[in-house]
>>> print(open('final-v8.txt').read())   # compact mmCIF, C-alpha atoms and all ligand atoms
# COMPACT_ATOMS: atom_id res chain seq x y z
CA MET A 1 -23.68 34.83 -8.71
CA LYS A 2 -19.92 35.60 -8.57
CA THR A 3 -18.86 38.13 -11.20
CA LYS A 4 -15.28 39.26 -10.48
CA GLU A 5 -12.76 36.42 -10.74
CA ILE A 6 -10.60 35.81 -7.67
CA ILE A 7 -7.92 33.30 -8.51
CA LEU A 8 -5.69 31.06 -6.41
CA VAL A 9 -2.49 29.66 -7.95
CA ILE A 10 -0.85 26.84 -6.00
CA GLY A 11 2.73 26.11 -7.11
CA ALA A 12 3.18 29.63 -8.54
CA CYS A 13 7.00 29.44 -8.47
CA GLY A 14 7.24 26.34 -10.68
CA GLN A 15 8.02 26.25 -14.40
CA ILE A 16 4.34 26.62 -15.39
CA GLY A 17 3.30 28.60 -12.32
CA ARG A 18 5.58 31.57 -12.97
CA GLU A 19 4.28 32.09 -16.49
CA LEU A 20 0.67 31.19 -15.82
CA THR A 21 0.47 33.56 -12.83
CA SER A 22 1.77 36.38 -14.97
CA ALA A 23 -0.66 35.56 -17.83
CA LEU A 24 -3.60 35.35 -15.42
CA ARG A 25 -2.63 38.72 -13.94
CA LYS A 26 -2.55 40.29 -17.40
CA LYS A 27 -6.04 38.94 -18.02
CA TYR A 28 -7.72 39.48 -14.64
CA GLY A 29 -5.56 42.12 -12.88
CA THR A 30 -2.67 41.64 -10.44
CA ASP A 31 -4.72 41.84 -7.27
CA SER A 32 -7.21 39.25 -8.51
CA VAL A 33 -4.55 36.53 -8.72
CA PHE A 34 -3.21 35.24 -5.43
CA ALA A 35 0.09 33.34 -5.79
CA THR A 36 1.20 30.63 -3.37
CA ASP A 37 4.11 28.19 -3.20
CA ILE A 38 6.27 26.52 -0.61
CA ALA A 39 9.05 29.13 -1.02
CA ALA A 40 9.49 31.70 1.78
CA PRO A 41 8.23 35.15 0.72
CA GLU A 42 11.68 36.73 1.12
CA THR A 43 13.09 34.38 -1.55
CA VAL A 44 10.40 35.29 -4.07
CA PRO A 45 10.65 38.39 -6.30
CA ALA A 46 8.39 41.33 -5.49
CA SER A 47 6.63 40.80 -8.83
CA MET A 48 5.01 37.68 -7.31
CA GLU A 49 2.93 39.81 -4.91
CA PRO A 50 0.24 39.15 -3.76
CA TYR A 51 2.06 36.03 -2.55
CA GLN A 52 1.76 33.76 0.47
CA LYS A 53 3.84 30.76 1.51
CA LEU A 54 1.64 27.67 1.39
CA ASN A 55 2.34 23.97 1.73
CA VAL A 56 -0.56 22.40 -0.15
CA MET A 57 -0.29 19.31 2.09
CA ASP A 58 -1.23 21.47 5.06
CA THR A 59 -5.00 21.10 4.85
CA VAL A 60 -5.60 23.50 7.73
CA ALA A 61 -3.55 26.30 6.10
CA LEU A 62 -5.18 25.69 2.70
CA GLU A 63 -8.64 25.73 4.23
CA SER A 64 -8.00 28.91 6.17
CA LEU A 65 -6.83 30.62 2.95
CA MET A 66 -9.82 29.36 0.98
CA GLU A 67 -12.20 30.38 3.74
CA SER A 68 -10.74 33.88 3.89
CA LYS A 69 -11.18 34.67 0.16
CA ALA A 70 -14.02 33.69 -2.13
CA PHE A 71 -11.86 32.16 -4.86
CA THR A 72 -13.71 31.61 -8.12
CA GLN A 73 -10.87 29.68 -9.80
CA VAL A 74 -8.07 27.51 -8.43
CA TYR A 75 -5.00 26.42 -10.45
CA HIS A 76 -3.28 23.59 -8.60
CA LEU A 77 0.16 23.14 -10.19
CA ALA A 78 2.26 21.70 -7.35
CA ALA A 79 3.61 18.22 -8.12
CA VAL A 80 6.67 15.99 -8.16
CA LEU A 81 7.57 15.25 -11.80
CA SER A 82 8.61 11.99 -13.47
CA ALA A 83 12.38 11.86 -12.83
CA ASN A 84 12.23 13.25 -9.28
CA GLY A 85 9.26 11.00 -8.51
CA GLU A 86 11.28 7.84 -9.21
CA ARG A 87 13.80 8.87 -6.55
CA ASN A 88 11.15 8.65 -3.83
CA PRO A 89 7.97 7.09 -5.25
CA LYS A 90 5.88 7.00 -2.08
CA ALA A 91 6.58 10.63 -1.24
CA ALA A 92 5.73 11.62 -4.84
CA TRP A 93 2.47 9.67 -4.74
CA ASP A 94 1.60 11.19 -1.39
CA LEU A 95 2.17 14.75 -2.55
CA ASN A 96 0.63 14.39 -6.00
CA MET A 97 -2.52 12.58 -4.82
CA ASN A 98 -3.23 14.06 -1.41
CA SER A 99 -2.68 17.63 -2.55
CA LEU A 100 -5.18 17.07 -5.37
CA LEU A 101 -7.74 15.57 -3.00
CA ASN A 102 -7.29 18.49 -0.60
CA VAL A 103 -7.88 20.97 -3.39
CA LEU A 104 -10.88 19.10 -4.79
CA ASP A 105 -12.55 18.73 -1.39
CA LEU A 106 -12.04 22.35 -0.40
CA SER A 107 -13.12 23.58 -3.83
CA VAL A 108 -16.42 21.76 -3.40
CA LYS A 109 -16.79 23.07 0.15
CA TYR A 110 -16.06 26.71 -0.78
CA LYS A 111 -17.98 26.59 -4.07
CA VAL A 112 -15.09 27.35 -6.42
CA SER A 113 -16.46 27.72 -9.96
CA LYS A 114 -13.53 26.18 -11.86
CA VAL A 115 -10.42 24.20 -10.98
CA PHE A 116 -7.41 23.58 -13.23
CA TRP A 117 -5.08 20.67 -12.56
CA PRO A 118 -2.41 19.62 -15.05
CA SER A 119 -2.08 16.09 -16.31
CA SER A 120 0.69 14.83 -18.58
CA ILE A 121 1.74 12.54 -21.42
CA ALA A 122 3.14 10.45 -18.53
CA VAL A 123 -0.34 8.89 -18.16
CA PHE A 124 0.64 6.73 -21.16
CA GLY A 125 2.92 3.72 -20.99
CA PRO A 126 4.81 1.18 -23.10
CA ASN A 127 1.57 -0.50 -24.25
CA SER A 128 0.01 2.76 -25.47
CA GLN A 129 -0.01 3.57 -29.17
CA LYS A 130 3.36 5.33 -29.79
CA LEU A 131 2.50 7.55 -32.72
CA ASN A 132 -0.50 9.85 -32.71
CA THR A 133 -1.51 8.44 -29.31
CA PRO A 134 -5.30 8.74 -29.12
CA GLN A 135 -7.36 10.49 -26.43
CA TYR A 136 -8.83 7.16 -25.39
CA GLY A 137 -6.82 3.95 -25.43
CA VAL A 138 -4.40 1.84 -23.40
CA MET A 139 -2.65 3.85 -20.70
CA GLU A 140 -0.80 1.66 -18.12
CA PRO A 141 1.82 4.23 -17.03
CA THR A 142 5.01 2.91 -15.43
CA THR A 143 6.30 5.96 -13.48
CA ILE A 144 4.84 6.97 -10.16
CA TYR A 145 4.26 10.42 -11.65
CA GLY A 146 2.25 8.82 -14.47
CA LEU A 147 0.32 6.66 -12.02
CA SER A 148 -0.58 9.70 -9.95
CA LYS A 149 -1.65 11.69 -13.03
CA ALA A 150 -3.77 8.80 -14.39
CA ALA A 151 -5.47 8.32 -11.01
CA GLY A 152 -5.80 12.09 -10.55
CA GLU A 153 -7.58 12.43 -13.88
CA LEU A 154 -10.16 9.91 -12.72
CA TRP A 155 -10.57 11.75 -9.41
CA CYS A 156 -11.24 14.96 -11.38
CA LYS A 157 -13.91 13.20 -13.44
CA TYR A 158 -15.37 11.70 -10.26
CA TYR A 159 -15.66 15.11 -8.55
CA PHE A 160 -17.31 16.54 -11.66
CA GLU A 161 -19.84 13.71 -11.87
CA LYS A 162 -20.49 13.36 -8.14
CA TYR A 163 -20.30 16.98 -6.93
CA GLY A 164 -20.60 19.04 -10.13
CA LEU A 165 -17.13 20.55 -9.60
CA ASP A 166 -15.95 21.99 -12.93
CA VAL A 167 -12.39 20.59 -12.97
CA ARG A 168 -10.50 20.92 -16.26
CA SER A 169 -7.21 19.35 -17.24
CA LEU A 170 -4.65 19.03 -20.04
CA ARG A 171 -2.13 16.29 -20.70
CA TYR A 172 0.85 18.58 -21.19
CA PRO A 173 3.72 17.30 -23.32
CA GLY A 174 7.29 18.28 -22.30
CA LEU A 175 7.20 22.04 -21.71
CA ILE A 176 9.98 24.28 -22.97
CA SER A 177 10.64 27.70 -21.45
CA ALA A 178 13.59 29.83 -20.49
CA GLY A 179 12.89 29.36 -16.76
CA GLU A 180 14.19 26.48 -14.70
CA PRO A 181 12.29 23.20 -15.30
CA GLY A 182 11.05 20.98 -12.48
CA GLY A 183 12.76 17.57 -12.48
CA GLY A 184 11.13 15.81 -15.43
CA THR A 185 12.32 13.55 -18.22
CA THR A 186 11.74 16.22 -20.85
CA ASP A 187 13.97 18.78 -19.07
CA TYR A 188 16.80 18.09 -21.52
CA ALA A 189 14.94 20.23 -24.06
CA VAL A 190 15.36 23.23 -21.72
CA ASP A 191 18.87 22.41 -20.41
CA ILE A 192 20.25 22.17 -23.95
CA PHE A 193 19.56 25.88 -24.56
CA HIS A 194 21.37 26.95 -21.39
CA SER A 195 24.48 25.01 -22.46
CA ALA A 196 24.24 26.44 -25.97
CA VAL A 197 24.22 30.08 -24.85
CA LYS A 198 27.05 29.43 -22.35
CA ALA A 199 29.07 27.81 -25.16
CA GLN A 200 29.32 24.57 -23.17
CA VAL A 201 29.10 21.03 -24.56
CA TYR A 202 25.67 19.65 -23.64
CA THR A 203 25.62 16.09 -22.30
CA CYS A 204 22.15 14.76 -23.02
CA PHE A 205 20.65 12.16 -20.67
CA LEU A 206 18.51 10.69 -23.48
CA LYS A 207 19.65 8.92 -26.67
CA GLU A 208 19.86 11.01 -29.82
CA ASP A 209 16.86 9.35 -31.53
CA THR A 210 14.39 9.53 -28.61
CA GLY A 211 11.28 11.24 -29.98
CA LEU A 212 8.93 12.90 -27.48
CA PRO A 213 5.95 15.27 -27.71
CA MET A 214 6.91 18.81 -26.65
CA MET A 215 5.36 22.27 -26.47
CA TYR A 216 6.67 25.80 -26.16
CA MET A 217 5.42 27.49 -22.98
CA PRO A 218 3.49 30.34 -24.68
CA ASP A 219 1.38 27.68 -26.41
CA ALA A 220 0.87 25.80 -23.13
CA ILE A 221 -0.24 28.96 -21.30
CA ARG A 222 -2.62 29.91 -24.11
CA ALA A 223 -4.02 26.35 -24.14
CA THR A 224 -4.66 26.57 -20.40
CA LEU A 225 -6.46 29.92 -20.64
CA GLU A 226 -8.48 28.80 -23.66
CA LEU A 227 -9.51 25.57 -21.94
CA MET A 228 -10.56 27.43 -18.79
CA ASN A 229 -12.58 29.96 -20.76
CA ALA A 230 -14.30 27.50 -23.09
CA PRO A 231 -18.06 27.05 -22.59
CA VAL A 232 -18.80 24.25 -20.16
CA VAL A 233 -21.08 22.52 -22.68
CA ASN A 234 -18.07 21.98 -25.00
CA MET A 235 -16.15 19.95 -22.41
CA SER A 236 -16.65 16.39 -23.60
CA VAL A 237 -13.54 15.17 -21.77
CA ARG A 238 -13.66 15.21 -17.97
CA THR A 239 -10.38 13.38 -17.38
CA ALA A 240 -7.78 15.46 -19.29
CA TYR A 241 -7.39 16.55 -22.90
CA ASN A 242 -4.55 15.34 -25.14
CA ILE A 243 -2.78 18.41 -26.56
CA GLY A 244 0.05 18.31 -29.06
CA ALA A 245 2.37 20.82 -30.67
CA LEU A 246 5.88 19.61 -31.58
CA SER A 247 7.59 16.23 -31.64
CA PHE A 248 11.35 15.98 -31.95
CA THR A 249 14.42 13.99 -30.88
CA PRO A 250 17.52 15.39 -29.11
CA GLU A 251 19.38 15.21 -32.43
CA GLU A 252 16.67 17.21 -34.19
CA ILE A 253 16.58 20.03 -31.63
CA TYR A 254 20.39 20.07 -31.57
CA SER A 255 20.46 20.43 -35.38
CA GLU A 256 18.07 23.37 -35.16
CA ILE A 257 20.17 25.12 -32.49
CA VAL A 258 23.37 24.52 -34.44
CA LYS A 259 21.91 26.46 -37.37
CA GLN A 260 22.24 29.54 -35.17
CA MET A 261 25.21 28.49 -33.02
CA PRO A 262 27.51 26.55 -35.35
CA ASP A 263 30.14 25.78 -32.66
CA PHE A 264 27.68 24.16 -30.24
CA LYS A 265 28.44 20.50 -29.43
CA ILE A 266 26.36 17.70 -27.90
CA ALA A 267 27.30 14.37 -26.29
CA TYR A 268 24.99 11.52 -25.26
CA GLN A 269 25.05 9.75 -21.92
CA PRO A 270 21.63 8.14 -21.34
CA ASP A 271 20.64 7.48 -17.71
CA PHE A 272 17.55 6.11 -15.91
CA ARG A 273 15.39 8.72 -17.66
CA GLN A 274 15.87 6.87 -20.98
CA GLU A 275 13.54 4.11 -19.83
CA ILE A 276 10.91 6.66 -18.83
CA ALA A 277 11.16 8.42 -22.19
CA ASP A 278 10.93 5.09 -24.04
CA SER A 279 7.66 4.32 -22.27
CA TRP A 280 5.98 7.53 -23.49
CA PRO A 281 4.32 8.45 -26.80
CA GLN A 282 6.29 10.07 -29.60
CA SER A 283 3.38 12.16 -30.85
CA ILE A 284 -0.15 12.95 -29.70
CA ASP A 285 -3.56 12.94 -31.37
CA ASP A 286 -5.22 16.10 -30.05
CA SER A 287 -8.21 16.12 -32.38
CA THR A 288 -10.71 16.13 -29.48
CA ALA A 289 -9.18 19.31 -28.01
CA ARG A 290 -9.20 20.89 -31.47
CA LYS A 291 -12.86 20.03 -31.94
CA ASP A 292 -14.13 20.87 -28.43
CA TRP A 293 -12.40 24.20 -27.77
CA GLY A 294 -10.43 25.05 -30.89
CA TRP A 295 -6.92 24.07 -29.77
CA LYS A 296 -4.15 24.90 -32.26
CA PRO A 297 -0.44 25.40 -31.49
CA ASP A 298 1.43 28.45 -32.85
CA TYR A 299 5.09 27.42 -32.54
CA ASP A 300 7.00 24.92 -34.66
CA LEU A 301 10.52 23.70 -33.91
CA GLN A 302 12.24 26.52 -35.78
CA SER A 303 10.20 29.40 -34.30
CA MET A 304 10.45 27.89 -30.81
CA VAL A 305 14.25 27.55 -31.02
CA GLU A 306 14.67 31.12 -32.31
CA ASP A 307 12.50 32.55 -29.54
CA MET A 308 14.11 30.42 -26.80
CA LEU A 309 17.64 31.44 -27.75
CA GLU A 310 16.64 35.09 -27.65
CA ASN A 311 14.87 34.73 -24.29
CA ILE A 312 17.65 32.75 -22.63
CA LYS A 313 20.19 35.35 -23.67
CA LYS A 314 18.01 38.02 -22.02
CA LEU A 315 17.26 35.99 -18.88
CA SER A 316 18.43 37.71 -15.71
CA GLY A 317 19.10 36.03 -12.36
CA ALA A 318 16.05 37.67 -10.78
CA ASP A 319 13.78 34.81 -11.79
CA CYS A 320 11.47 33.30 -9.14
CA GLY A 321 12.42 29.72 -9.99
CA GLN A 322 16.11 30.41 -9.39
CA THR A 323 15.54 31.77 -5.93
CA SER A 324 13.16 29.12 -4.70
CA GLY A 325 15.22 25.98 -4.92
CA THR A 326 13.00 24.17 -2.45
CA ALA A 327 9.76 25.08 -4.18
CA VAL A 328 7.51 22.26 -5.35
CA LEU A 329 7.81 22.56 -9.08
CA VAL A 330 5.66 21.33 -11.92
N1 LIG A 401 7.57 17.15 -18.38
C1 LIG A 401 7.07 16.05 -17.62
C2 LIG A 401 8.16 15.17 -17.16
O1 LIG A 401 9.11 15.01 -17.89
C3 LIG A 401 6.09 15.26 -18.43
O2 LIG A 401 4.83 15.81 -18.24
O3 LIG A 401 8.05 14.61 -16.12
>>> encode(input="final-v8.txt", output="structure tokens")
Amino acid sequence: MKTKEIILVIGACGQIGRELTSALRKKYGTDSVFATDIAAPETVPASMEPYQKLNVMDTVALESLMESKAFTQVYHLAAVLSANGERNPKAAWDLNMNSLLNVLDLSVKYKVSKVFWPSSIAVFGPNSQKLNTPQYGVMEPTTIYGLSKAAGELWCKYYFEKYGLDVRSLRYPGLISAGEPGGGTTDYAVDIFHSAVKAQVYTCFLKEDTGLPMMYMPDAIRATLELMNAPVVNMSVRTAYNIGALSFTPEEIYSEIVKQMPDFKIAYQPDFRQEIADSWPQSIDDSTARKDWGWKPDYDLQSMVEDMLENIKKLSGADCGQTSGTAVLV
């Protein structure tokens, strides 16, 4: 039986990857967490070590890495998000689906104990219940990103049932962190802070009353670690768990920021991302996650905004996401 965890993170330079890699290293030790992404090593900060360039679509390279180390856990975070996915749907489908199948196949072959793969609120669509969207119900996503996440969830369940692979997944809401986001529809809730601290007017690409489910990154990272460490017998969901935290509109987050930065101004210029946002839930019923593994968010809108403003002010240019512009980001 494997005792020491040896962990592979794929997509370590993305918005989630940077923070999850660091949290996993705090928990399991730096050398136990092997970071990979498509960015060249010289563009990645030294703090990412041990790091290797990896294109997850390169099955031969992925297999040779997985053969060379007895990974016990794999976190596969590389994906094309909702807004970027609509610019080239077939390429997004190809990357999102084939990379997942590569990881699942090789994880079975090399007897990985646990796999994490993120899903999203994008699995829901215009016919889903808008408020308090339940764990089970109508999905019918309309973005290629949502299609790939909905299909991917079913592949995860299939590999669990067919091969006993312990794949676990969360339907992340829009994730808010000081680091660069990855080309999604919820990115406005990160961009707005950068404009606020630079004293620039923020032009929002969604309408002021567009409500969406959101989560502050520390909650998302804790949710991921708690899910992965929960006893296997508690896992009643083998597709992906709904998890909720905050729900707000652009106007509501703006009002909260203005409390601290009274001169900050916002303008609205909705683009193609409005239609995507309108197809998604406004809030999420996460009662199954709460019951199965004790999920509970810490941050509300006010505490998230206060912490974000502080962090963005501190943010230096030495961040992995800013140096790896070509990285595949989640
Ligand atoms: N943040 C993602 C996006 O906007 C949703 O999971 O694409």
>>> closest_atom_pairs(input="final-v8.txt", of="stretch 227-264 of chain A", to="stretch 284-295 of chain A", cutoff="7 Å", atoms="all atoms listed in the file", output="Markdown table")
| residue | atom | partner | partner_atom | distance |
| --- | --- | --- | --- | --- |
| A:Leu227 | CA | A:Trp293 | CA | 6.6 |
| A:Ala230 | CA | A:Trp293 | CA | 6.0 |
| A:Asn234 | CA | A:Asp292 | CA | 5.3 |
| A:Met235 | CA | A:Asp292 | CA | 6.4 |
| A:Tyr241 | CA | A:Ala289 | CA | 6.1 |
| A:Asn242 | CA | A:Asp286 | CA | 5.0 |
| A:Ile243 | CA | A:Asp286 | CA | 4.8 |
| A:Gly244 | CA | A:Ile284 | CA | 5.4 |
>>> atom_distance(input="final-v8.txt", atom1="atom CA of A:Asn132", atom2="atom CA of A:Pro213")
9.8 Å
>>> residues_near_ligand(input="final-v8.txt", ligand="ligand LIG 401 (chain A)", cutoff="7 Å", atoms="all atoms listed in the file", output="list of chain:residue names")
A:Leu81, A:Ser82, A:Ala83, A:Ser120, A:Ile121, A:Ala122, A:Tyr172, A:Pro173, A:Gly174, A:Leu175, A:Gly183, A:Gly184, A:Thr185, A:Thr186, A:Asp187
>>> closest_atom_pairs(input="final-v8.txt", of="stretch 181-266 of chain A", to="stretch 154-169 of chain A", cutoff="9 Å", atoms="all atoms listed in the file", output="CSV")
residue,atom,partner,partner_atom,distance
A:Thr224,CA,A:Ser169,CA,8.3
A:Leu227,CA,A:Arg168,CA,7.4
A:Met228,CA,A:Arg168,CA,7.0
A:Val232,CA,A:Asp166,CA,8.1
A:Met235,CA,A:Arg168,CA,8.4
A:Val237,CA,A:Arg168,CA,8.5
A:Arg238,CA,A:Lys157,CA,5.0
A:Thr239,CA,A:Lys157,CA,5.3
A:Ala240,CA,A:Ser169,CA,4.4
A:Tyr241,CA,A:Ser169,CA,6.3
>>> closest_atom_pairs(input="final-v8.txt", of="stretch 192-247 of chain A", to="stretch 263-276 of chain A", cutoff="8 Å", atoms="all atoms listed in the file", output="tab-separated table")
residue	atom	partner	partner_atom	distance
A:Ala196	CA	A:Phe264	CA	5.9
A:Ala199	CA	A:Phe264	CA	6.4
A:Gln200	CA	A:Phe264	CA	7.3
A:Val201	CA	A:Lys265	CA	4.9
A:Tyr202	CA	A:Ile266	CA	4.7
A:Thr203	CA	A:Ala267	CA	4.7
A:Cys204	CA	A:Tyr268	CA	4.9
A:Phe205	CA	A:Pro270	CA	4.2
A:Leu206	CA	A:Pro270	CA	4.6
A:Lys207	CA	A:Pro270	CA	5.7
A:Glu208	CA	A:Tyr268	CA	6.9
>>> write_last_selection(input="final-v8.txt", atoms="C-alpha atoms", output="mmCIF file, keeping the file's coordinate frame")
data_model
loop_
_atom_site.group_PDB
_atom_site.id
_atom_site.type_symbol
_atom_site.label_atom_id
_atom_site.label_comp_id
_atom_site.auth_asym_id
_atom_site.auth_seq_id
_atom_site.Cartn_x
_atom_site.Cartn_y
_atom_site.Cartn_z
ATOM 1 C CA ALA A 196 24.240 26.440 -25.970
ATOM 2 C CA ALA A 199 29.070 27.810 -25.160
ATOM 3 C CA GLN A 200 29.320 24.570 -23.170
ATOM 4 C CA VAL A 201 29.100 21.030 -24.560
ATOM 5 C CA TYR A 202 25.670 19.650 -23.640
ATOM 6 C CA THR A 203 25.620 16.090 -22.300
ATOM 7 C CA CYS A 204 22.150 14.760 -23.020
ATOM 8 C CA PHE A 205 20.650 12.160 -20.670
ATOM 9 C CA LEU A 206 18.510 10.690 -23.480
ATOM 10 C CA LYS A 207 19.650 8.920 -26.670
ATOM 11 C CA GLU A 208 19.860 11.010 -29.820
#
>>> decode(input="final-v8.txt", residues="stretch 250-266 of chain A", atoms="N, CA and C atoms", output="PDB file, in the first residue's frame")
ATOM      1  N   PRO A 250     -22.801  42.585 -10.749  1.00  0.00           N
ATOM      2  CA  PRO A 250     -21.745  43.594 -10.880  1.00  0.00           C
ATOM      3  C   PRO A 250     -22.033  44.837 -10.033  1.00  0.00           C
ATOM      4  N   GLU A 251     -23.291  45.267  -9.994  1.00  0.00           N
ATOM      5  CA  GLU A 251     -23.623  46.460  -9.220  1.00  0.00           C
ATOM      6  C   GLU A 251     -23.381  46.224  -7.724  1.00  0.00           C
ATOM      7  N   GLU A 252     -23.679  45.016  -7.260  1.00  0.00           N
ATOM      8  CA  GLU A 252     -23.490  44.737  -5.834  1.00  0.00           C
ATOM      9  C   GLU A 252     -22.017  44.688  -5.442  1.00  0.00           C
ATOM     10  N   ILE A 253     -21.182  44.090  -6.285  1.00  0.00           N
ATOM     11  CA  ILE A 253     -19.750  44.051  -5.920  1.00  0.00           C
ATOM     12  C   ILE A 253     -19.157  45.456  -6.039  1.00  0.00           C
ATOM     13  N   TYR A 254     -19.611  46.200  -7.057  1.00  0.00           N
ATOM     14  CA  TYR A 254     -19.145  47.580  -7.204  1.00  0.00           C
ATOM     15  C   TYR A 254     -19.486  48.387  -5.943  1.00  0.00           C
ATOM     16  N   SER A 255     -20.720  48.253  -5.465  1.00  0.00           N
ATOM     17  CA  SER A 255     -21.144  49.010  -4.271  1.00  0.00           C
ATOM     18  C   SER A 255     -20.277  48.665  -3.057  1.00  0.00           C
ATOM     19  N   GLU A 256     -19.868  47.410  -2.975  1.00  0.00           N
ATOM     20  CA  GLU A 256     -19.039  46.996  -1.836  1.00  0.00           C
ATOM     21  C   GLU A 256     -17.623  47.588  -1.954  1.00  0.00           C
ATOM     22  N   ILE A 257     -17.096  47.622  -3.180  1.00  0.00           N
ATOM     23  CA  ILE A 257     -15.756  48.191  -3.384  1.00  0.00           C
ATOM     24  C   ILE A 257     -15.777  49.700  -3.120  1.00  0.00           C
ATOM     25  N   VAL A 258     -16.844  50.338  -3.569  1.00  0.00           N
ATOM     26  CA  VAL A 258     -16.958  51.795  -3.410  1.00  0.00           C
ATOM     27  C   VAL A 258     -16.968  52.219  -1.928  1.00  0.00           C
ATOM     28  N   LYS A 259     -17.424  51.318  -1.071  1.00  0.00           N
ATOM     29  CA  LYS A 259     -17.405  51.645   0.365  1.00  0.00           C
ATOM     30  C   LYS A 259     -15.978  51.961   0.810  1.00  0.00           C
ATOM     31  N   GLN A 260     -15.007  51.273   0.180  1.00  0.00           N
ATOM     32  CA  GLN A 260     -13.610  51.495   0.557  1.00  0.00           C
ATOM     33  C   GLN A 260     -12.883  52.431  -0.392  1.00  0.00           C
ATOM     34  N   MET A 261     -13.374  52.567  -1.622  1.00  0.00           N
ATOM     35  CA  MET A 261     -12.715  53.409  -2.618  1.00  0.00           C
ATOM     36  C   MET A 261     -13.782  54.315  -3.235  1.00  0.00           C
ATOM     37  N   PRO A 262     -14.144  55.360  -2.521  1.00  0.00           N
ATOM     38  CA  PRO A 262     -15.320  56.170  -2.889  1.00  0.00           C
ATOM     39  C   PRO A 262     -15.239  56.811  -4.283  1.00  0.00           C
ATOM     40  N   ASP A 263     -14.037  56.972  -4.843  1.00  0.00           N
ATOM     41  CA  ASP A 263     -13.936  57.618  -6.167  1.00  0.00           C
ATOM     42  C   ASP A 263     -14.035  56.631  -7.329  1.00  0.00           C
ATOM     43  N   PHE A 264     -14.103  55.356  -7.028  1.00  0.00           N
ATOM     44  CA  PHE A 264     -14.097  54.328  -8.080  1.00  0.00           C
ATOM     45  C   PHE A 264     -15.385  54.402  -8.902  1.00  0.00           C
ATOM     46  N   LYS A 265     -15.218  54.288 -10.244  1.00  0.00           N
ATOM     47  CA  LYS A 265     -16.377  54.395 -11.158  1.00  0.00           C
ATOM     48  C   LYS A 265     -16.481  53.145 -12.034  1.00  0.00           C
ATOM     49  N   ILE A 266     -17.709  52.814 -12.394  1.00  0.00           N
ATOM     50  CA  ILE A 266     -17.949  51.652 -13.267  1.00  0.00           C
ATOM     51  C   ILE A 266     -18.826  52.076 -14.449  1.00  0.00           C
TER      52      ILE A 266
END
